[in-house]
Amino acid sequence: MAMGARLVGLMAAAALSAGGVALAQEETPSPPLEAADELAPPVDAGAEAAPAAAATDPWEGFNRKVFGFNDTVDKGFFVPAAKAYRATTPKAGRRGVRRFLANLGSPSVFINDVLQGNFGRAGKTLSRFAINSTIGAGGFADPAGQIGIESHNEDFGQTLAVWGVGSGPYLVLPLLGPSSPRDAFGALVGIGMQPLTYIRTPPATYARFSLAGANLLSARESALDPLAEIEANSLDYYSSLRSFATQARAREIRNGVDDYDALPDFEE
Amino acid sequence: MTFWPVAFRMSLAGAAAAAMIAPAYADQAAEQFIAGVLEESNAIFGDADASRRNAGVEALVDKYVDMDRVARFALGQYARQATPEQMAVYTPLFRRYATNVYQSTLANYSGQKLAVTGSIDRNERDFIVNSKVVDAKPGDQYANLVVSWRVYRTPEGVQKIVDAGAEGVWLAIEQQSTFKSIIANNGGGAKGIDALIADLKTKVGG
């Protein structure tokens with residue numbers, strides 16, 4: 001079922017290019033920007049072109065420069081590194097690593113579940129962490145998922161969104177990729193939600209940097225095919241990634257619940 | 001370890017709450033339409049030969065996707081500014097481009113079957129039909145994957161697909177966003193549409 005696999009990959013891609021940060025720009029309940037201008041009344045030709053574009057992405061000039069820089073670094077360093085990682089490791093091993101890294105992220109997910117007042121999801125996160133850290137071989141296996149306690153992701157940018165903080169304009173961060181002022185701030189606070197941040201010994205520092213590197217590599221590896229495909233299919237890689245990242249982030253903030261009313265309409 | 005049962009109950013309560021707020025407006029006809037398309041697709045995706053499969057996807061797209069409507073949608077508000085001459089060049093180019101996207105998106109299809117799980121009506125013409133992988137085990141990477149189909153029904157009752165997405169990420173919405181950017185970045189209006197047409201030509205090699 002490649003279709004779905006690819007599209008899910010797109011989201012992974014989006015998440016990856018953010019390097020675990022966040023992408024997007026939408027406020028939680030509001031419709032995607034595309035929807036907003038689709039619903040807008042017709043305006044005079046010419047007069048409307050610039051404002052429409054500015055509303056979607058007012059920092060486009062800056063963002064494209066950063067995007068170009070990121071793309072160069074990506075193709076010169078991260079893509080070769082991710083390909084080498086793929087070539088030298090078995091698929092099941094990489095899946096184990098993804099699970100292990102996700103499990104280590106659980107404390108931060110738990111904190112954000114609670115901060116969002118979502119105790120059901122907090123309970124899931126706690127159950128998963130307890131089960132997978134023990135009988136799940138320290139997180140490399142996912143027995144919790146097998147009994148139906150599925151994983152989910154949260155970060156402080158999402159928490160801010162749930163609290164009603166608007167995302168601000170679309171923002172591409174150097175090295176971290178698609179984001180927004182809100183989510184960039186959320187990512188900074190997120191560092192403080194990782195237990196390792198508070199252990200100030202040389203081994204802990206080493207572990208912190210190794211983990212950050214492993215997270216980047218693991219995420220980039222799973223996004224290799226989807227991102228290559230987006231680029232191959234796209235008329236404008238920058239715009240395509242912006243749309244996919246924005247759509248995926250909006251849904252992530254809604255905890256996977258679809259907002260069908262917000263979709264742009266098709267004409268009669 | 002007494003918190004385990006508590007945590008379990010909490011997660012169950014969460015799942016129950018989520019199930020209750022899920023919308024339940026089903027549309028039988030749209031669901032049957034997509035079920036038929038998926039049935040027909042399964043035969044094509046079983047074919048190991050790439051060129052035959054691509055031909056099969058193209059035939060499916062021609063038969064079931066309302067390309068004219070998607071092509072207009074992808075232009076966003078600029079559809080109203082395009083001249084009939086521009087539309088006559090743009091629409092076949094878009095059809096070729098969108099078909100290529102479907103083909104490459106489906107290229108690595110590995111044989112799992114999709115089945116319809118439900119539908120939502122946005123209005124009397126516009127439906128979302130959701131599908132999931134059949135036989136996925138819990139914990140499987142596709143277990144919770146929702147592939148969605150947007151169905152448009154004309155006043156005459158003809159149903160066609162107008163968009164496809166997974167996990168709330170939609171292809172035609174991305175196309176609209178990208179096309180509008182290209183048009184706006186090339187001066188908007190008729191001039192911008194010409195630039196988009198030139199880009200499409202380069203992309204599909206036409």
# chains A, B, ... in the order shown; residues from 1 in each chain; ligands from 1
>>> residues_around(residues="stretch 42-47 of chain B", least_positions_apart="3", cutoff="9 Å", atoms="only C-alpha atoms", output="PDB file with all heavy atoms, in the first residue's frame")
ATOM      1  N   VAL B  37     -13.837   1.117  -6.742  1.00  0.00           N
ATOM      2  CA  VAL B  37     -12.547   1.563  -7.280  1.00  0.00           C
ATOM      3  C   VAL B  37     -11.417   0.765  -6.631  1.00  0.00           C
ATOM      4  O   VAL B  37     -10.485   0.307  -7.307  1.00  0.00           O
ATOM      5  CB  VAL B  37     -12.342   3.080  -7.041  1.00  0.00           C
ATOM      6  CG1 VAL B  37     -10.950   3.499  -7.498  1.00  0.00           C
ATOM      7  CG2 VAL B  37     -13.406   3.887  -7.752  1.00  0.00           C
ATOM      8  N   LEU B  38     -11.484   0.574  -5.303  1.00  0.00           N
ATOM      9  CA  LEU B  38     -10.432  -0.160  -4.605  1.00  0.00           C
ATOM     10  C   LEU B  38     -10.379  -1.607  -5.086  1.00  0.00           C
ATOM     11  O   LEU B  38      -9.295  -2.169  -5.271  1.00  0.00           O
ATOM     12  CB  LEU B  38     -10.657  -0.113  -3.086  1.00  0.00           C
ATOM     13  CG  LEU B  38     -10.501   1.261  -2.431  1.00  0.00           C
ATOM     14  CD1 LEU B  38     -10.804   1.193  -0.936  1.00  0.00           C
ATOM     15  CD2 LEU B  38      -9.087   1.813  -2.643  1.00  0.00           C
ATOM     16  N   GLU B  39     -11.542  -2.185  -5.289  1.00  0.00           N
ATOM     17  CA  GLU B  39     -11.627  -3.554  -5.790  1.00  0.00           C
ATOM     18  C   GLU B  39     -10.895  -3.662  -7.128  1.00  0.00           C
ATOM     19  O   GLU B  39     -10.053  -4.525  -7.342  1.00  0.00           O
ATOM     20  CB  GLU B  39     -13.108  -3.927  -5.951  1.00  0.00           C
ATOM     21  CG  GLU B  39     -13.380  -5.354  -6.320  1.00  0.00           C
ATOM     22  CD  GLU B  39     -13.160  -6.294  -5.126  1.00  0.00           C
ATOM     23  OE1 GLU B  39     -13.123  -5.796  -3.972  1.00  0.00           O
ATOM     24  OE2 GLU B  39     -13.029  -7.491  -5.358  1.00  0.00           O
ATOM     25  N   ALA B  50       6.055  -3.148 -14.204  1.00  0.00           N
ATOM     26  CA  ALA B  50       5.899  -1.713 -13.914  1.00  0.00           C
ATOM     27  C   ALA B  50       5.143  -0.976 -15.021  1.00  0.00           C
ATOM     28  O   ALA B  50       4.288  -0.126 -14.744  1.00  0.00           O
ATOM     29  CB  ALA B  50       7.257  -1.075 -13.674  1.00  0.00           C
ATOM     30  N   ARG B  52       3.002  -2.141 -17.268  1.00  0.00           N
ATOM     31  CA  ARG B  52       1.582  -2.518 -17.290  1.00  0.00           C
ATOM     32  C   ARG B  52       0.844  -1.875 -16.121  1.00  0.00           C
ATOM     33  O   ARG B  52      -0.290  -1.431 -16.245  1.00  0.00           O
ATOM     34  CB  ARG B  52       1.432  -4.045 -17.211  1.00  0.00           C
ATOM     35  CG  ARG B  52       1.551  -4.738 -18.562  1.00  0.00           C
ATOM     36  CD  ARG B  52       0.805  -6.066 -18.562  1.00  0.00           C
ATOM     37  NE  ARG B  52       1.200  -6.933 -17.459  1.00  0.00           N
ATOM     38  CZ  ARG B  52       2.105  -7.902 -17.572  1.00  0.00           C
ATOM     39  NH1 ARG B  52       2.708  -8.135 -18.711  1.00  0.00           N
ATOM     40  NH2 ARG B  52       2.403  -8.650 -16.534  1.00  0.00           N
ATOM     41  N   ARG B  53       1.544  -1.818 -14.959  1.00  0.00           N
ATOM     42  CA  ARG B  53       0.906  -1.229 -13.790  1.00  0.00           C
ATOM     43  C   ARG B  53       0.658   0.271 -14.013  1.00  0.00           C
ATOM     44  O   ARG B  53      -0.399   0.799 -13.699  1.00  0.00           O
ATOM     45  CB  ARG B  53       1.779  -1.452 -12.559  1.00  0.00           C
ATOM     46  CG  ARG B  53       1.009  -1.412 -11.264  1.00  0.00           C
ATOM     47  CD  ARG B  53       1.857  -1.889 -10.108  1.00  0.00           C
ATOM     48  NE  ARG B  53       3.149  -1.221 -10.103  1.00  0.00           N
ATOM     49  CZ  ARG B  53       4.288  -1.812  -9.781  1.00  0.00           C
ATOM     50  NH1 ARG B  53       4.309  -3.069  -9.444  1.00  0.00           N
ATOM     51  NH2 ARG B  53       5.414  -1.146  -9.807  1.00  0.00           N
ATOM     52  N   ASN B  54       1.656   0.951 -14.589  1.00  0.00           N
ATOM     53  CA  ASN B  54       1.485   2.377 -14.870  1.00  0.00           C
ATOM     54  C   ASN B  54       0.333   2.618 -15.836  1.00  0.00           C
ATOM     55  O   ASN B  54      -0.441   3.553 -15.666  1.00  0.00           O
ATOM     56  CB  ASN B  54       2.773   2.963 -15.452  1.00  0.00           C
ATOM     57  CG  ASN B  54       3.754   3.338 -14.349  1.00  0.00           C
ATOM     58  OD1 ASN B  54       3.362   3.416 -13.180  1.00  0.00           O
ATOM     59  ND2 ASN B  54       5.004   3.549 -14.711  1.00  0.00           N
ATOM     60  N   GLY B  56      -2.208   0.685 -16.151  1.00  0.00           N
ATOM     61  CA  GLY B  56      -3.409   0.409 -15.374  1.00  0.00           C
ATOM     62  C   GLY B  56      -3.811   1.583 -14.502  1.00  0.00           C
ATOM     63  O   GLY B  56      -4.989   1.936 -14.414  1.00  0.00           O
ATOM     64  N   VAL B  57      -2.813   2.201 -13.845  1.00  0.00           N
ATOM     65  CA  VAL B  57      -3.098   3.368 -13.000  1.00  0.00           C
ATOM     66  C   VAL B  57      -3.669   4.492 -13.854  1.00  0.00           C
ATOM     67  O   VAL B  57      -4.648   5.142 -13.481  1.00  0.00           O
ATOM     68  CB  VAL B  57      -1.828   3.837 -12.257  1.00  0.00           C
ATOM     69  CG1 VAL B  57      -2.066   5.169 -11.571  1.00  0.00           C
ATOM     70  CG2 VAL B  57      -1.383   2.793 -11.243  1.00  0.00           C
ATOM     71  N   LEU B 106       2.079   5.532  -6.414  1.00  0.00           N
ATOM     72  CA  LEU B 106       1.631   4.142  -6.286  1.00  0.00           C
ATOM     73  C   LEU B 106       2.685   3.133  -6.729  1.00  0.00           C
ATOM     74  O   LEU B 106       2.462   1.926  -6.677  1.00  0.00           O
ATOM     75  CB  LEU B 106       0.348   3.939  -7.105  1.00  0.00           C
ATOM     76  CG  LEU B 106      -0.871   4.729  -6.614  1.00  0.00           C
ATOM     77  CD1 LEU B 106      -1.962   4.736  -7.674  1.00  0.00           C
ATOM     78  CD2 LEU B 106      -1.405   4.155  -5.318  1.00  0.00           C
ATOM     79  N   ALA B 107       3.866   3.643  -7.142  1.00  0.00           N
ATOM     80  CA  ALA B 107       4.858   2.763  -7.774  1.00  0.00           C
ATOM     81  C   ALA B 107       5.333   1.647  -6.844  1.00  0.00           C
ATOM     82  O   ALA B 107       5.573   0.529  -7.280  1.00  0.00           O
ATOM     83  CB  ALA B 107       6.049   3.577  -8.268  1.00  0.00           C
ATOM     84  N   TYR B 109       3.750   0.222  -4.440  1.00  0.00           N
ATOM     85  CA  TYR B 109       2.632  -0.495  -3.832  1.00  0.00           C
ATOM     86  C   TYR B 109       3.025  -1.946  -3.603  1.00  0.00           C
ATOM     87  O   TYR B 109       3.465  -2.631  -4.516  1.00  0.00           O
ATOM     88  CB  TYR B 109       1.452  -0.417  -4.783  1.00  0.00           C
ATOM     89  CG  TYR B 109       0.191  -1.037  -4.244  1.00  0.00           C
ATOM     90  CD1 TYR B 109      -0.703  -0.287  -3.511  1.00  0.00           C
ATOM     91  CD2 TYR B 109      -0.089  -2.369  -4.470  1.00  0.00           C
ATOM     92  CE1 TYR B 109      -1.853  -0.852  -3.017  1.00  0.00           C
ATOM     93  CE2 TYR B 109      -1.234  -2.942  -3.981  1.00  0.00           C
ATOM     94  CZ  TYR B 109      -2.114  -2.181  -3.250  1.00  0.00           C
ATOM     95  OH  TYR B 109      -3.255  -2.753  -2.775  1.00  0.00           O
ATOM     96  N   SER B 110       2.870  -2.374  -2.355  1.00  0.00           N
ATOM     97  CA  SER B 110       3.401  -3.707  -2.078  1.00  0.00           C
ATOM     98  C   SER B 110       2.318  -4.744  -1.818  1.00  0.00           C
ATOM     99  O   SER B 110       2.564  -5.769  -1.229  1.00  0.00           O
ATOM    100  CB  SER B 110       4.364  -3.633  -0.892  1.00  0.00           C
ATOM    101  OG  SER B 110       3.777  -2.891   0.152  1.00  0.00           O
ATOM    102  N   GLY B 111       1.091  -4.451  -2.242  1.00  0.00           N
ATOM    103  CA  GLY B 111       0.107  -5.521  -2.255  1.00  0.00           C
ATOM    104  C   GLY B 111      -0.909  -5.549  -1.129  1.00  0.00           C
ATOM    105  O   GLY B 111      -1.860  -6.310  -1.184  1.00  0.00           O
ATOM    106  N   GLN B 112      -0.726  -4.707  -0.093  1.00  0.00           N
ATOM    107  CA  GLN B 112      -1.759  -4.694   0.958  1.00  0.00           C
ATOM    108  C   GLN B 112      -3.051  -4.154   0.378  1.00  0.00           C
ATOM    109  O   GLN B 112      -3.047  -3.228  -0.424  1.00  0.00           O
ATOM    110  CB  GLN B 112      -1.338  -3.809   2.141  1.00  0.00           C
ATOM    111  CG  GLN B 112      -0.176  -4.354   2.912  1.00  0.00           C
ATOM    112  CD  GLN B 112       1.119  -3.738   2.426  1.00  0.00           C
ATOM    113  OE1 GLN B 112       1.230  -3.329   1.273  1.00  0.00           O
ATOM    114  NE2 GLN B 112       2.104  -3.708   3.304  1.00  0.00           N
ATOM    115  N   LYS B 113      -4.163  -4.728   0.809  1.00  0.00           N
ATOM    116  CA  LYS B 113      -5.448  -4.290   0.278  1.00  0.00           C
ATOM    117  C   LYS B 113      -6.099  -3.260   1.185  1.00  0.00           C
ATOM    118  O   LYS B 113      -6.037  -3.357   2.395  1.00  0.00           O
ATOM    119  CB  LYS B 113      -6.364  -5.498   0.122  1.00  0.00           C
ATOM    120  CG  LYS B 113      -5.896  -6.385  -1.003  1.00  0.00           C
ATOM    121  CD  LYS B 113      -6.916  -7.438  -1.374  1.00  0.00           C
ATOM    122  CE  LYS B 113      -6.475  -8.094  -2.674  1.00  0.00           C
ATOM    123  NZ  LYS B 113      -6.731  -9.537  -2.713  1.00  0.00           N
ATOM    124  N   LEU B 114      -6.741  -2.291   0.544  1.00  0.00           N
ATOM    125  CA  LEU B 114      -7.469  -1.264   1.291  1.00  0.00           C
ATOM    126  C   LEU B 114      -8.957  -1.597   1.301  1.00  0.00           C
ATOM    127  O   LEU B 114      -9.483  -2.096   0.313  1.00  0.00           O
ATOM    128  CB  LEU B 114      -7.283   0.102   0.620  1.00  0.00           C
ATOM    129  CG  LEU B 114      -5.917   0.761   0.744  1.00  0.00           C
ATOM    130  CD1 LEU B 114      -5.878   2.017  -0.110  1.00  0.00           C
ATOM    131  CD2 LEU B 114      -5.611   1.101   2.185  1.00  0.00           C
TER     132      LEU B 114
END
>>> residues_around(residues="stretch 153-157 of chain B", least_positions_apart="2", cutoff="9 Å", atoms="only C-alpha atoms", output="MDAnalysis selection string")
(chainID A and resid 268) or (chainID B and resid 30 124:127 151 159:161)
>>> write_last_selection(atoms="all heavy atoms", output="compact mmCIF listing (two decimals), in the first residue's frame")
# COMPACT_ATOMS: atom_id res chain seq x y z
N GLU A 268 -18.46 24.05 -8.10
CA GLU A 268 -19.56 23.30 -8.75
C GLU A 268 -19.20 23.05 -10.19
O GLU A 268 -18.62 23.88 -10.86
CB GLU A 268 -20.85 24.15 -8.70
CG GLU A 268 -21.31 24.45 -7.29
CD GLU A 268 -22.26 23.38 -6.76
OE1 GLU A 268 -23.10 22.92 -7.55
OE2 GLU A 268 -22.15 23.03 -5.58
N ALA B 30 -21.34 7.02 -1.94
CA ALA B 30 -19.93 7.38 -2.10
C ALA B 30 -19.05 6.23 -1.62
O ALA B 30 -18.03 5.91 -2.24
CB ALA B 30 -19.63 8.66 -1.32
N GLU B 124 -23.90 18.11 0.16
CA GLU B 124 -24.58 17.09 -0.65
C GLU B 124 -23.79 16.68 -1.91
O GLU B 124 -24.15 15.73 -2.58
CB GLU B 124 -26.01 17.55 -1.02
CG GLU B 124 -26.10 18.68 -2.03
CD GLU B 124 -25.94 20.06 -1.38
OE1 GLU B 124 -25.48 20.14 -0.22
OE2 GLU B 124 -26.26 21.06 -2.04
N ARG B 125 -22.69 17.42 -2.20
CA ARG B 125 -21.88 17.08 -3.37
C ARG B 125 -20.50 16.53 -3.02
O ARG B 125 -19.79 16.04 -3.87
CB ARG B 125 -21.63 18.33 -4.23
CG ARG B 125 -22.84 19.13 -4.59
CD ARG B 125 -22.98 19.25 -6.10
NE ARG B 125 -24.35 19.57 -6.41
CZ ARG B 125 -25.33 18.66 -6.42
NH1 ARG B 125 -25.06 17.40 -6.19
NH2 ARG B 125 -26.56 19.02 -6.69
N ASP B 126 -20.10 16.73 -1.80
CA ASP B 126 -18.68 16.60 -1.45
C ASP B 126 -18.51 15.62 -0.29
O ASP B 126 -19.00 15.87 0.81
CB ASP B 126 -18.20 18.02 -1.04
CG ASP B 126 -16.70 18.11 -0.87
OD1 ASP B 126 -16.02 17.08 -1.01
OD2 ASP B 126 -16.22 19.22 -0.60
N PHE B 127 -17.82 14.51 -0.54
CA PHE B 127 -17.71 13.46 0.47
C PHE B 127 -16.26 13.04 0.69
O PHE B 127 -15.45 13.10 -0.23
CB PHE B 127 -18.50 12.21 0.03
CG PHE B 127 -19.92 12.52 -0.36
CD1 PHE B 127 -20.23 12.86 -1.68
CD2 PHE B 127 -20.92 12.53 0.59
CE1 PHE B 127 -21.52 13.17 -2.04
CE2 PHE B 127 -22.22 12.84 0.24
CZ PHE B 127 -22.53 13.16 -1.07
N VAL B 151 -14.61 12.56 -2.80
CA VAL B 151 -15.53 12.24 -3.90
C VAL B 151 -16.44 13.43 -4.15
O VAL B 151 -17.01 13.99 -3.21
CB VAL B 151 -16.38 11.00 -3.55
CG1 VAL B 151 -17.41 10.72 -4.63
CG2 VAL B 151 -15.50 9.78 -3.33
N GLN B 159 -20.40 10.35 -9.80
CA GLN B 159 -19.39 10.46 -8.74
C GLN B 159 -17.99 10.28 -9.31
O GLN B 159 -17.74 9.35 -10.07
CB GLN B 159 -19.64 9.41 -7.67
CG GLN B 159 -21.04 9.50 -7.08
CD GLN B 159 -21.20 8.59 -5.87
OE1 GLN B 159 -21.28 9.07 -4.75
NE2 GLN B 159 -21.23 7.30 -6.11
N LYS B 160 -17.08 11.20 -8.92
CA LYS B 160 -15.69 11.08 -9.34
C LYS B 160 -14.79 11.43 -8.16
O LYS B 160 -15.18 12.19 -7.27
CB LYS B 160 -15.39 12.07 -10.49
CG LYS B 160 -16.01 11.69 -11.84
CD LYS B 160 -15.15 10.67 -12.56
CE LYS B 160 -15.72 10.27 -13.92
NZ LYS B 160 -15.39 11.22 -14.98
N ILE B 161 -13.55 10.91 -8.20
CA ILE B 161 -12.56 11.26 -7.19
C ILE B 161 -11.95 12.62 -7.54
O ILE B 161 -11.64 12.88 -8.71
CB ILE B 161 -11.45 10.19 -7.13
CG1 ILE B 161 -12.03 8.87 -6.61
CG2 ILE B 161 -10.28 10.65 -6.24
CD1 ILE B 161 -11.08 7.69 -6.77
>>> closest_residue(among="B:Val101, B:Trp170, B:Val146, B:Asp68", to="B:Ala88", atoms="only C-alpha atoms")
B:Asp68
>>> atom_distance(atom1="atom CA of A:Phe244", atom2="atom CA of B:Ala26")
27.4 Å
>>> residues_around(residues="B:Ser181", least_positions_apart="3", cutoff="8 Å", atoms="only C-alpha atoms", output="list of chain:residue names")
A:Ala53, A:Ser239, B:Ser177, B:Thr178, B:Ala184, B:Asn185
>>> residues_around(residues="A:Phe100", least_positions_apart="5", cutoff="12 Å", atoms="only C-alpha atoms", output="ChimeraX atom specification")
/A:93-95,105-106,128-129,132-134,136-142,211,214-215,218
>>> select_by_dssp(residues="chain B", states="alpha helix (DSSP H)", output="number ranges by chain")
B: 3-21, 28-45, 50-64, 67-74, 84-105, 171-185, 189-204
>>> write_last_selection(atoms="C-alpha atoms", output="mmCIF file, in the first residue's frame")
data_model
loop_
_atom_site.group_PDB
_atom_site.id
_atom_site.type_symbol
_atom_site.label_atom_id
_atom_site.label_comp_id
_atom_site.auth_asym_id
_atom_site.auth_seq_id
_atom_site.Cartn_x
_atom_site.Cartn_y
_atom_site.Cartn_z
ATOM 1 C CA PHE B 3 0.072 2.607 38.393
ATOM 2 C CA TRP B 4 -0.124 0.227 35.435
ATOM 3 C CA PRO B 5 -3.791 -0.641 35.759
ATOM 4 C CA VAL B 6 -4.580 3.007 36.357
ATOM 5 C CA ALA B 7 -2.686 4.031 33.263
ATOM 6 C CA PHE B 8 -4.459 1.326 31.297
ATOM 7 C CA ARG B 9 -7.859 2.498 32.417
ATOM 8 C CA MET B 10 -6.940 6.062 31.600
ATOM 9 C CA SER B 11 -5.913 5.134 28.085
ATOM 10 C CA LEU B 12 -9.072 3.105 27.575
ATOM 11 C CA ALA B 13 -11.162 6.044 28.701
ATOM 12 C CA GLY B 14 -9.294 8.229 26.246
ATOM 13 C CA ALA B 15 -9.942 5.819 23.399
ATOM 14 C CA ALA B 16 -13.637 5.611 24.268
ATOM 15 C CA ALA B 17 -13.927 9.397 24.321
ATOM 16 C CA ALA B 18 -12.202 9.637 20.946
ATOM 17 C CA ALA B 19 -14.596 7.077 19.475
ATOM 18 C CA MET B 20 -17.612 9.017 20.694
ATOM 19 C CA ILE B 21 -16.652 12.316 19.117
ATOM 20 C CA GLN B 28 -23.686 4.861 1.233
ATOM 21 C CA ALA B 29 -23.330 5.697 -2.460
ATOM 22 C CA ALA B 30 -19.932 7.376 -2.099
ATOM 23 C CA GLU B 31 -18.657 4.463 -0.014
ATOM 24 C CA GLN B 32 -19.848 1.944 -2.591
ATOM 25 C CA PHE B 33 -18.203 3.958 -5.355
ATOM 26 C CA ILE B 34 -14.798 3.925 -3.597
ATOM 27 C CA ALA B 35 -15.175 0.270 -2.613
ATOM 28 C CA GLY B 36 -15.601 -0.509 -6.317
ATOM 29 C CA VAL B 37 -12.547 1.563 -7.280
ATOM 30 C CA LEU B 38 -10.432 -0.160 -4.605
ATOM 31 C CA GLU B 39 -11.627 -3.554 -5.790
ATOM 32 C CA GLU B 40 -10.610 -2.724 -9.353
ATOM 33 C CA SER B 41 -7.276 -1.283 -8.159
ATOM 34 C CA ASN B 42 -6.309 -4.436 -6.329
ATOM 35 C CA ALA B 43 -6.111 -6.378 -9.579
ATOM 36 C CA ILE B 44 -3.889 -3.735 -11.177
ATOM 37 C CA PHE B 45 -1.560 -3.461 -8.214
ATOM 38 C CA ALA B 50 5.899 -1.713 -13.914
ATOM 39 C CA SER B 51 4.795 -0.511 -17.357
ATOM 40 C CA ARG B 52 1.582 -2.518 -17.290
ATOM 41 C CA ARG B 53 0.906 -1.229 -13.790
ATOM 42 C CA ASN B 54 1.485 2.377 -14.870
ATOM 43 C CA ALA B 55 -0.876 1.878 -17.792
ATOM 44 C CA GLY B 56 -3.409 0.409 -15.374
ATOM 45 C CA VAL B 57 -3.098 3.368 -13.000
ATOM 46 C CA GLU B 58 -3.553 5.776 -15.890
ATOM 47 C CA ALA B 59 -6.688 3.949 -17.017
ATOM 48 C CA LEU B 60 -8.051 4.066 -13.458
ATOM 49 C CA VAL B 61 -7.263 7.761 -13.148
ATOM 50 C CA ASP B 62 -8.935 8.531 -16.476
ATOM 51 C CA LYS B 63 -11.990 6.562 -15.491
ATOM 52 C CA TYR B 64 -12.464 7.689 -11.899
ATOM 53 C CA MET B 67 -9.328 15.834 -13.879
ATOM 54 C CA ASP B 68 -11.012 18.971 -15.233
ATOM 55 C CA ARG B 69 -12.339 19.799 -11.797
ATOM 56 C CA VAL B 70 -9.033 19.054 -10.066
ATOM 57 C CA ALA B 71 -7.176 21.111 -12.668
ATOM 58 C CA ARG B 72 -9.372 24.145 -11.929
ATOM 59 C CA PHE B 73 -9.070 23.570 -8.192
ATOM 60 C CA ALA B 74 -5.263 23.506 -8.425
ATOM 61 C CA PRO B 84 -10.121 29.841 -22.319
ATOM 62 C CA GLU B 85 -6.954 29.542 -24.454
ATOM 63 C CA GLN B 86 -4.810 29.113 -21.341
ATOM 64 C CA MET B 87 -7.199 26.523 -19.928
ATOM 65 C CA ALA B 88 -7.083 24.602 -23.211
ATOM 66 C CA VAL B 89 -3.290 24.285 -22.882
ATOM 67 C CA TYR B 90 -3.177 23.943 -19.113
ATOM 68 C CA THR B 91 -5.809 21.241 -18.547
ATOM 69 C CA PRO B 92 -4.197 18.441 -20.626
ATOM 70 C CA LEU B 93 -0.788 19.325 -19.150
ATOM 71 C CA PHE B 94 -2.247 19.104 -15.661
ATOM 72 C CA ARG B 95 -3.833 15.756 -16.461
ATOM 73 C CA ARG B 96 -0.461 14.395 -17.563
ATOM 74 C CA TYR B 97 1.287 15.842 -14.510
ATOM 75 C CA ALA B 98 -1.284 14.592 -11.978
ATOM 76 C CA THR B 99 -1.322 11.153 -13.592
ATOM 77 C CA ASN B 100 2.471 11.000 -13.243
ATOM 78 C CA VAL B 101 2.140 11.904 -9.573
ATOM 79 C CA TYR B 102 -0.418 9.128 -9.017
ATOM 80 C CA GLN B 103 1.796 6.657 -10.854
ATOM 81 C CA SER B 104 4.908 7.484 -8.903
ATOM 82 C CA THR B 105 3.020 7.613 -5.597
ATOM 83 C CA LEU B 171 -2.325 15.870 -2.803
ATOM 84 C CA ALA B 172 -4.555 18.364 -4.659
ATOM 85 C CA ILE B 173 -4.315 20.813 -1.760
ATOM 86 C CA GLU B 174 -0.526 20.672 -2.061
ATOM 87 C CA GLN B 175 -0.811 21.171 -5.830
ATOM 88 C CA GLN B 176 -3.021 24.214 -5.327
ATOM 89 C CA SER B 177 -0.611 25.703 -2.810
ATOM 90 C CA THR B 178 2.386 25.163 -5.080
ATOM 91 C CA PHE B 179 0.666 26.388 -8.238
ATOM 92 C CA LYS B 180 -0.570 29.538 -6.538
ATOM 93 C CA SER B 181 2.969 30.252 -5.322
ATOM 94 C CA ILE B 182 4.376 29.831 -8.820
ATOM 95 C CA ILE B 183 1.712 32.086 -10.326
ATOM 96 C CA ALA B 184 2.133 34.764 -7.642
ATOM 97 C CA ASN B 185 5.934 34.667 -7.877
ATOM 98 C CA GLY B 189 -2.723 36.817 -13.318
ATOM 99 C CA ALA B 190 -2.320 35.782 -16.953
ATOM 100 C CA LYS B 191 1.462 36.227 -16.868
ATOM 101 C CA GLY B 192 1.802 33.981 -13.829
ATOM 102 C CA ILE B 193 -0.434 31.341 -15.378
ATOM 103 C CA ASP B 194 1.770 31.323 -18.491
ATOM 104 C CA ALA B 195 4.788 30.733 -16.240
ATOM 105 C CA LEU B 196 3.003 27.834 -14.543
ATOM 106 C CA ILE B 197 2.132 26.346 -17.940
ATOM 107 C CA ALA B 198 5.801 26.602 -18.959
ATOM 108 C CA ASP B 199 6.868 24.830 -15.744
ATOM 109 C CA LEU B 200 4.315 22.076 -16.290
ATOM 110 C CA LYS B 201 5.533 21.586 -19.854
ATOM 111 C CA THR B 202 9.101 21.182 -18.635
ATOM 112 C CA LYS B 203 8.001 18.747 -15.934
ATOM 113 C CA VAL B 204 5.983 16.422 -18.144
#
>>> closest_residue(among="B:Val65, B:Ala48, B:Ala79, B:Val116", to="chain A", atoms="only C-alpha atoms")
B:Ala79
>>> closest_residue(among="B:Gln77, B:Gly205, B:Asp135, B:Arg150", to="chain A", atoms="only C-alpha atoms")
B:Gln77
>>> residues_around(residues="A:Leu241", least_positions_apart="3", cutoff="8 Å", atoms="only C-alpha atoms", output="NGL selection string")
:A and (14 or 230 or 237-238 or 244-245)
>>> write_last_selection(atoms="C-alpha atoms", output="PDB file, in the first residue's frame")
ATOM      1  CA  ALA A  14       8.096  16.969   7.240  1.00  0.00           C
ATOM      2  CA  ILE A 230       8.327  14.962  -3.327  1.00  0.00           C
ATOM      3  CA  TYR A 237      10.142  21.854  -3.946  1.00  0.00           C
ATOM      4  CA  TYR A 238       9.996  24.745  -1.488  1.00  0.00           C
ATOM      5  CA  PHE A 244       2.838  19.120   3.194  1.00  0.00           C
ATOM      6  CA  ALA A 245       4.549  20.304   6.380  1.00  0.00           C
TER       7      ALA A 245
END
>>> select_by_dssp(residues="stretch 144-247 of chain A", states="strand (DSSP E or B)", output="list in words")
Leu171, Val172, Leu173, Gly177, Pro178 and Ser179 of chain A
>>> atom_distance(atom1="atom CA of A:Gly186", atom2="atom CA of A:Ala130")
25.9 Å
